[in-house]
>>> print(open('work05.cif').read())   # mmCIF, C-alpha atoms
data_structure
#
loop_
_atom_site.label_atom_id
_atom_site.label_comp_id
_atom_site.auth_asym_id
_atom_site.auth_seq_id
_atom_site.Cartn_x
_atom_site.Cartn_y
_atom_site.Cartn_z
CA MET A 1462 5.26 -26.67 -13.05
CA SER A 1463 2.53 -28.42 -14.92
CA GLU A 1464 -0.99 -27.43 -15.71
CA ILE A 1465 -3.52 -28.86 -13.29
CA ASP A 1466 -6.64 -30.35 -14.76
CA THR A 1467 -8.89 -30.25 -11.75
CA LYS A 1468 -9.82 -26.77 -10.73
CA ILE A 1469 -11.32 -25.82 -7.40
CA ALA A 1470 -14.60 -24.14 -8.19
CA ALA A 1471 -15.04 -20.51 -7.20
CA ASN A 1472 -17.94 -18.10 -7.25
CA ARG A 1473 -15.77 -15.48 -8.83
CA GLU A 1474 -12.35 -15.25 -10.42
CA ILE A 1475 -10.02 -12.26 -10.60
CA ASP A 1476 -7.21 -12.28 -13.13
CA ALA A 1477 -4.33 -10.33 -11.59
CA ARG A 1478 -1.68 -11.76 -13.90
CA GLY A 1479 0.57 -8.98 -15.12
CA SER A 1480 0.11 -7.11 -11.85
CA PHE A 1481 3.13 -6.51 -9.65
CA CYS A 1482 3.58 -7.08 -5.91
CA PRO A 1483 1.54 -6.16 -3.87
CA GLY A 1484 -1.10 -5.63 -6.58
CA PRO A 1485 -2.60 -9.15 -6.58
CA LEU A 1486 -2.96 -9.08 -2.78
CA LEU A 1487 -4.70 -5.71 -2.91
CA GLU A 1488 -7.06 -7.05 -5.58
CA LEU A 1489 -7.80 -10.12 -3.47
CA ILE A 1490 -8.60 -8.00 -0.42
CA ARG A 1491 -10.92 -5.81 -2.47
CA GLY A 1492 -12.57 -8.92 -3.93
CA ILE A 1493 -13.09 -10.49 -0.51
CA ARG A 1494 -14.56 -7.24 0.75
CA GLU A 1495 -17.07 -7.31 -2.09
CA SER A 1496 -17.95 -10.98 -1.53
CA ASP A 1497 -20.58 -12.40 0.78
CA ILE A 1498 -19.65 -14.71 3.65
CA GLY A 1499 -19.36 -18.28 2.44
CA GLU A 1500 -18.53 -17.29 -1.13
CA THR A 1501 -15.33 -18.42 -2.78
CA LEU A 1502 -12.99 -16.26 -4.77
CA ALA A 1503 -10.15 -17.30 -7.05
CA ILE A 1504 -7.29 -15.02 -7.95
CA LEU A 1505 -4.70 -15.60 -10.64
CA SER A 1506 -1.26 -14.14 -9.96
CA GLY A 1507 2.10 -14.39 -11.66
CA ASP A 1508 3.80 -12.44 -8.87
CA ALA A 1509 6.21 -14.61 -6.87
CA GLY A 1510 5.42 -12.65 -3.70
CA SER A 1511 1.79 -13.77 -3.79
CA ARG A 1512 2.90 -17.31 -2.92
CA LYS A 1513 3.63 -16.24 0.65
CA ASP A 1514 1.67 -13.02 0.90
CA ILE A 1515 -1.76 -14.34 -0.04
CA PRO A 1516 -1.79 -17.34 2.38
CA ALA A 1517 -0.35 -15.06 5.10
CA TRP A 1518 -3.11 -12.51 4.63
CA VAL A 1519 -5.82 -15.17 4.42
CA ALA A 1520 -4.64 -16.71 7.71
CA LYS A 1521 -4.36 -13.35 9.42
CA ALA A 1522 -7.74 -12.17 8.17
CA GLY A 1523 -9.39 -15.39 9.30
CA HIS A 1524 -10.55 -16.68 5.94
CA GLU A 1525 -10.01 -20.14 4.46
CA MET A 1526 -7.36 -20.99 1.89
CA LEU A 1527 -8.97 -23.72 -0.21
CA GLY A 1528 -5.99 -24.33 -2.43
CA ILE A 1529 -3.18 -23.07 -4.57
CA GLU A 1530 -2.90 -24.46 -8.08
CA ASP A 1531 0.31 -24.04 -10.02
CA HIS A 1532 0.07 -23.22 -13.68
CA ASP A 1533 2.59 -22.22 -16.28
CA GLY A 1534 3.86 -18.81 -15.15
CA TYR A 1535 1.18 -18.14 -12.58
CA ALA A 1536 -0.72 -19.65 -9.66
CA ARG A 1537 -4.44 -19.76 -8.91
CA PHE A 1538 -5.37 -19.10 -5.29
CA VAL A 1539 -8.82 -20.05 -4.05
CA VAL A 1540 -10.15 -18.44 -0.89
CA ARG A 1541 -13.41 -18.76 1.00
CA LYS A 1542 -14.71 -15.71 2.83
CA VAL A 1543 -15.42 -16.91 6.37
CA ARG A 1544 -16.27 -13.76 8.30
CA MET B 678 3.73 24.41 13.17
CA ARG B 679 0.64 25.73 11.53
CA THR B 680 -2.15 23.30 12.14
CA GLY B 681 -2.58 20.10 14.04
CA PRO B 682 -5.30 17.58 14.71
CA ALA B 683 -8.11 18.72 16.96
CA GLU B 684 -7.55 18.03 20.61
CA GLY B 685 -8.34 14.47 21.54
CA GLU B 686 -8.03 13.27 17.98
CA LEU B 687 -4.60 11.78 18.41
CA GLY B 688 -4.65 8.12 19.29
CA ARG B 689 -8.39 7.99 18.84
CA ARG B 690 -8.47 7.41 15.12
CA CYS B 691 -10.48 4.69 13.55
CA ILE B 692 -8.34 1.60 13.26
CA GLY B 693 -8.75 -0.08 9.89
CA GLY B 694 -7.93 -3.60 8.86
CA ASP B 695 -11.44 -4.57 9.79
CA GLU B 696 -11.05 -7.92 8.05
CA LEU B 697 -8.48 -8.99 10.58
CA ALA B 698 -9.37 -11.59 13.15
CA ASP B 699 -6.97 -10.73 15.92
CA GLU B 700 -7.83 -7.57 17.83
CA ASP B 701 -4.28 -7.14 19.06
CA GLU B 702 -2.93 -7.16 15.56
CA LYS B 703 -5.04 -4.16 14.72
CA ALA B 704 -2.94 -1.99 16.96
CA GLU B 705 0.22 -2.59 14.97
CA LYS B 706 1.62 0.54 13.44
CA LEU B 707 4.09 1.60 10.81
CA ALA B 708 5.13 5.20 10.40
CA ILE B 709 7.17 6.36 7.43
CA VAL B 710 8.85 9.71 7.05
CA LEU B 711 8.86 10.15 3.29
CA PHE B 712 11.62 12.64 2.58
CA SER B 713 12.69 11.47 -0.88
CA GLY B 714 11.08 12.47 -4.14
CA THR B 715 12.84 10.07 -6.47
CA LEU B 716 10.95 7.36 -8.30
CA ASP B 717 12.84 4.44 -6.75
CA ARG B 718 12.31 5.64 -3.20
CA LEU B 719 8.70 6.64 -3.80
CA TYR B 720 8.02 3.12 -5.05
CA SER B 721 9.81 1.61 -2.06
CA ALA B 722 7.98 3.74 0.48
CA THR B 723 4.51 3.50 -1.03
CA LEU B 724 4.70 -0.25 -1.73
CA LEU B 725 5.88 -0.86 1.82
CA ALA B 726 3.01 1.27 3.10
CA SER B 727 0.61 -0.68 0.87
CA GLY B 728 1.83 -4.07 2.05
CA ALA B 729 1.67 -3.00 5.69
CA ALA B 730 -1.87 -1.66 5.25
CA ALA B 731 -2.88 -4.90 3.52
CA MET B 732 -1.67 -6.82 6.56
CA GLY B 733 -3.78 -4.64 8.81
CA LYS B 734 -1.21 -2.20 10.12
CA GLN B 735 -2.12 1.37 10.80
CA VAL B 736 0.16 3.31 8.46
CA ASP B 737 1.10 6.97 8.79
CA LEU B 738 3.06 8.63 6.03
CA PHE B 739 4.65 11.96 6.88
CA LEU B 740 5.60 13.88 3.75
CA THR B 741 8.55 16.23 4.04
CA PHE B 742 10.67 18.14 1.48
CA TRP B 743 11.03 16.13 -1.76
CA GLY B 744 8.52 13.55 -0.65
CA LEU B 745 6.00 16.33 -0.14
CA ALA B 746 6.84 17.97 -3.47
CA ALA B 747 6.13 14.64 -5.22
CA PHE B 748 2.51 14.89 -3.98
CA ARG B 749 1.84 18.24 -5.64
CA LYS B 750 -1.13 18.03 -8.00
CA ASP B 751 0.91 19.53 -10.84
CA GLN B 752 3.72 17.01 -10.44
CA ASP B 753 3.90 14.30 -13.10
CA LYS B 754 4.10 11.34 -10.71
CA MET B 755 6.08 9.14 -13.06
CA GLY B 756 8.16 11.98 -14.48
CA LEU B 757 10.39 12.10 -11.42
CA PRO B 758 14.04 11.02 -11.63
CA VAL B 759 15.55 7.92 -10.05
CA SER B 760 18.03 8.53 -7.23
CA SER B 761 21.38 9.73 -8.55
CA ASP B 762 23.09 7.34 -6.12
CA TYR B 763 22.94 4.65 -8.75
CA GLY B 764 24.34 6.57 -11.72
CA GLN B 765 23.28 5.30 -15.10
CA GLU B 766 21.62 2.27 -13.53
CA GLY B 767 18.94 4.68 -12.39
CA ALA B 768 17.91 5.60 -15.90
CA ARG B 769 17.89 1.91 -16.79
CA LEU B 770 15.56 1.18 -13.88
CA ALA B 771 13.20 3.97 -14.95
CA GLY B 772 13.17 2.40 -18.44
CA GLN B 773 12.41 -1.05 -17.01
CA ILE B 774 9.57 0.30 -14.91
CA ALA B 775 8.09 1.88 -18.03
CA ASP B 776 8.70 -1.14 -20.28
CA LYS B 777 7.13 -3.60 -17.86
CA GLN B 778 4.21 -1.28 -17.29
CA VAL B 779 4.55 -1.31 -13.54
CA PRO B 780 1.52 0.57 -12.18
CA PRO B 781 2.40 4.11 -11.11
CA TRP B 782 3.40 4.26 -7.42
CA PHE B 783 0.70 6.80 -6.83
CA GLU B 784 -2.04 4.49 -8.11
CA THR B 785 -0.92 1.59 -5.91
CA LEU B 786 -0.90 3.88 -2.89
CA ALA B 787 -4.40 5.13 -3.72
CA ALA B 788 -5.63 1.52 -4.13
CA ALA B 789 -4.06 0.50 -0.82
CA ARG B 790 -5.72 3.45 0.88
CA GLU B 791 -9.09 2.05 -0.13
CA ILE B 792 -8.54 -1.36 1.42
CA GLY B 793 -6.42 -0.40 4.42
CA ASP B 794 -5.67 2.24 6.98
CA ILE B 795 -3.17 4.66 5.47
CA ARG B 796 -3.11 8.27 6.56
CA ILE B 797 -1.01 10.76 4.65
CA HIS B 798 0.21 13.85 6.46
CA ALA B 799 1.95 16.92 5.11
CA CYS B 800 4.77 18.62 6.98
CA PRO B 801 3.91 22.28 7.56
CA MET B 802 7.55 23.35 7.72
CA SER B 803 8.22 21.94 4.22
CA MET B 804 5.03 23.60 2.97
CA ASP B 805 6.17 26.97 4.28
CA VAL B 806 9.70 26.68 2.94
CA MET B 807 8.67 25.31 -0.46
CA ASP B 808 5.59 27.56 -0.88
CA ILE B 809 3.22 24.62 -1.13
CA SER B 810 -0.36 25.09 0.08
CA LYS B 811 -2.74 22.29 1.11
CA ASP B 812 -4.71 23.00 -2.08
CA ASP B 813 -1.58 22.38 -4.15
CA LEU B 814 -1.43 18.82 -2.82
CA GLU B 815 -3.21 15.72 -4.08
CA ASP B 816 -6.51 14.88 -2.38
CA VAL B 817 -4.99 11.71 -0.85
CA VAL B 818 -3.12 13.98 1.55
CA ASP B 819 -5.34 13.85 4.63
CA ASP B 820 -4.05 16.71 6.70
CA VAL B 821 -1.24 18.98 7.76
CA ILE B 822 0.26 18.02 11.10
CA GLY B 823 3.35 19.09 12.94
CA VAL B 824 6.23 16.74 13.55
CA ALA B 825 5.31 16.40 17.21
CA SER B 826 1.84 15.19 16.26
CA PHE B 827 3.36 12.73 13.82
CA VAL B 828 5.67 11.33 16.49
CA GLU B 829 2.65 11.03 18.75
CA LEU B 830 0.74 9.13 16.06
CA ALA B 831 3.69 6.81 15.51
CA GLY B 832 3.55 5.89 19.19
CA GLN B 833 5.49 2.76 19.99
CA GLY B 834 5.37 1.57 16.38
CA GLN B 835 8.13 1.33 13.87
CA VAL B 836 9.34 4.55 12.19
CA LEU B 837 11.18 4.48 8.90
CA PHE B 838 12.94 7.34 7.14
CA ILE B 839 12.93 6.98 3.37
#
>>> encode(input="work05.cif", output="structure tokens")
Amino acid sequence: MSEIDTKIAANREIDARGSFCPGPLLELIRGIRESDIGETLAILSGDAGSRKDIPAWVAKAGHEMLGIEDHDGYARFVVRKVR
Amino acid sequence: MRTGPAEGELGRRCIGGDELADEDEKAEKLAIVLFSGTLDRLYSATLLASGAAAMGKQVDLFLTFWGLAAFRKDQDKMGLPVSSDYGQEGARLAGQIADKQVPPWFETLAAAREIGDIRIHACPMSMDVMDISKDDLEDVVDDVIGVASFVELAGQGQVLFI
């Protein structure tokens, strides 16, 4: 995986690297809860489970997955709070 | 059975997962009988409960015997042994959990309780036998309910015994 130069902008970023499954997901949910509708939130996670878990939660919760960027040893997930 | 929920309370609880779009999904349930008090099983049960709550399930944890004893206030939550089923591998696992600084199972459960719908119930029979009072238990334990009430709460949902 290579570093991506272009980053999707986010209102807020949570660094959950070093956290274990399901820690990053729990942090994302808390972050979304604290956000206002329309705001974007990025979360950094090195947990392999986040790859599936975060998009699954975002779809189920009715928010918008703006992108997943792969970096060295972690991924950056960008979510927009829709409702 | 010592105490139970007030009449009419069963099946009328507030359903969490309020972020979820689909109303039907909110009704999904997972019930776990937590019997074990070893570190490996406590991690398994509480992380499963956390993941289910994150996905909007209504989660009921019923603490019995060793699972209940693990929730005593004076119990060092990470000082518990790993299941003896795995011999020396157990000690190795406990070392790996410590080395990699995996958050304590109890903290993850407490965090999941804040974002999702997890209720934690104590088994009155275990409390009587093991001389554990409600005050001896961590504050995350919501109530003391009999096994019949727990089965009622579980409804048509999945029930796991860990």
>>> atom_distance(input="work05.cif", atom1="atom CA of B:Ala731", atom2="atom CA of B:Ser803")
29.1 Å
>>> atom_distance(input="work05.cif", atom1="atom CA of A:Gly1510", atom2="atom CA of A:Ala1471")
22.2 Å
>>> residues_around(input="work05.cif", residues="B:Ile795", least_positions_apart="6", cutoff="10 Å", atoms="all atoms listed in the file", output="PyMOL selection string")
chain B and resi 692-693+707-708+726-727+729-731+733-738+786-787+789+817+819
>>> resolve_selection(input="work05.cif", expression="the PyMOL selection byres ((chain A and resi 1500) around 6)", output="MDAnalysis selection string")
chainID A and resid 1497:1499 1501 1541:1542
>>> write_last_selection(input="work05.cif", atoms="C-alpha atoms", output="PDB file, keeping the file's coordinate frame")
ATOM      1  CA  ASP A1497     -20.580 -12.400   0.780  1.00  0.00           C
ATOM      2  CA  ILE A1498     -19.650 -14.710   3.650  1.00  0.00           C
ATOM      3  CA  GLY A1499     -19.360 -18.280   2.440  1.00  0.00           C
ATOM      4  CA  THR A1501     -15.330 -18.420  -2.780  1.00  0.00           C
ATOM      5  CA  ARG A1541     -13.410 -18.760   1.000  1.00  0.00           C
ATOM      6  CA  LYS A1542     -14.710 -15.710   2.830  1.00  0.00           C
TER       7      LYS A1542
END
>>> interface_residues(input="work05.cif", of="chain A", to="chain B", cutoff="12 Å", atoms="all atoms listed in the file", output="ChimeraX atom specification")
/A:1479-1495,1498,1510-1511,1514-1524,1542-1544
>>> atom_distance(input="work05.cif", atom1="atom CA of A:Glu1474", atom2="atom CA of A:Glu1530")
13.4 Å
>>> residues_around(input="work05.cif", residues="B:Val759", least_positions_apart="2", cutoff="12 Å", atoms="all atoms listed in the file", output="PyMOL selection string")
chain B and resi 713-721+754-757+761-774
>>> write_last_selection(input="work05.cif", atoms="C-alpha atoms", output="PDB file, in the frame of the given file")
ATOM      1  CA  SER B 713      12.690  11.470  -0.880  1.00  0.00           C
ATOM      2  CA  GLY B 714      11.080  12.470  -4.140  1.00  0.00           C
ATOM      3  CA  THR B 715      12.840  10.070  -6.470  1.00  0.00           C
ATOM      4  CA  LEU B 716      10.950   7.360  -8.300  1.00  0.00           C
ATOM      5  CA  ASP B 717      12.840   4.440  -6.750  1.00  0.00           C
ATOM      6  CA  ARG B 718      12.310   5.640  -3.200  1.00  0.00           C
ATOM      7  CA  LEU B 719       8.700   6.640  -3.800  1.00  0.00           C
ATOM      8  CA  TYR B 720       8.020   3.120  -5.050  1.00  0.00           C
ATOM      9  CA  SER B 721       9.810   1.610  -2.060  1.00  0.00           C
ATOM     10  CA  LYS B 754       4.100  11.340 -10.710  1.00  0.00           C
ATOM     11  CA  MET B 755       6.080   9.140 -13.060  1.00  0.00           C
ATOM     12  CA  GLY B 756       8.160  11.980 -14.480  1.00  0.00           C
ATOM     13  CA  LEU B 757      10.390  12.100 -11.420  1.00  0.00           C
ATOM     14  CA  SER B 761      21.380   9.730  -8.550  1.00  0.00           C
ATOM     15  CA  ASP B 762      23.090   7.340  -6.120  1.00  0.00           C
ATOM     16  CA  TYR B 763      22.940   4.650  -8.750  1.00  0.00           C
ATOM     17  CA  GLY B 764      24.340   6.570 -11.720  1.00  0.00           C
ATOM     18  CA  GLN B 765      23.280   5.300 -15.100  1.00  0.00           C
ATOM     19  CA  GLU B 766      21.620   2.270 -13.530  1.00  0.00           C
ATOM     20  CA  GLY B 767      18.940   4.680 -12.390  1.00  0.00           C
ATOM     21  CA  ALA B 768      17.910   5.600 -15.900  1.00  0.00           C
ATOM     22  CA  ARG B 769      17.890   1.910 -16.790  1.00  0.00           C
ATOM     23  CA  LEU B 770      15.560   1.180 -13.880  1.00  0.00           C
ATOM     24  CA  ALA B 771      13.200   3.970 -14.950  1.00  0.00           C
ATOM     25  CA  GLY B 772      13.170   2.400 -18.440  1.00  0.00           C
ATOM     26  CA  GLN B 773      12.410  -1.050 -17.010  1.00  0.00           C
ATOM     27  CA  ILE B 774       9.570   0.300 -14.910  1.00  0.00           C
TER      28      ILE B 774
END
>>> resolve_selection(input="work05.cif", expression="the PyMOL selection byres ((chain B and resi 739) around 7)", output="list in words")
Ile709, Val710, Leu711, Asp737, Leu738, Leu740, Thr741, Ile797, His798, Ala799 and Cys800 of chain B
>>> resolve_selection(input="work05.cif", expression="the PyMOL selection byres ((chain A and resi 1505) around 9)", output="JSON, numbers by chain")
{"A": [1474, 1475, 1476, 1477, 1478, 1485, 1503, 1504, 1506, 1507, 1535, 1536, 1537, 1538, 1539]}
>>> closest_residue(input="work05.cif", among="A:Val1540, A:Glu1525, A:Gly1534, A:Asp1508", to="A:Arg1473", atoms="all atoms listed in the file")
A:Val1540
>>> residues_around(input="work05.cif", residues="stretch 829-836 of chain B", least_positions_apart="2", cutoff="7 Å", atoms="all atoms listed in the file", output="MDAnalysis selection string")
chainID B and resid 687:688 705:709 825:827 838
>>> axis_aligned_box(input="work05.cif", around="stretch 738-741 of chain B", padding_each_side="6 Å", output="AutoDock Vina command-line options")
--center_x 5.8 --center_y 12.4 --center_z 5.3 --size_x 17.5 --size_y 19.6 --size_z 15.1
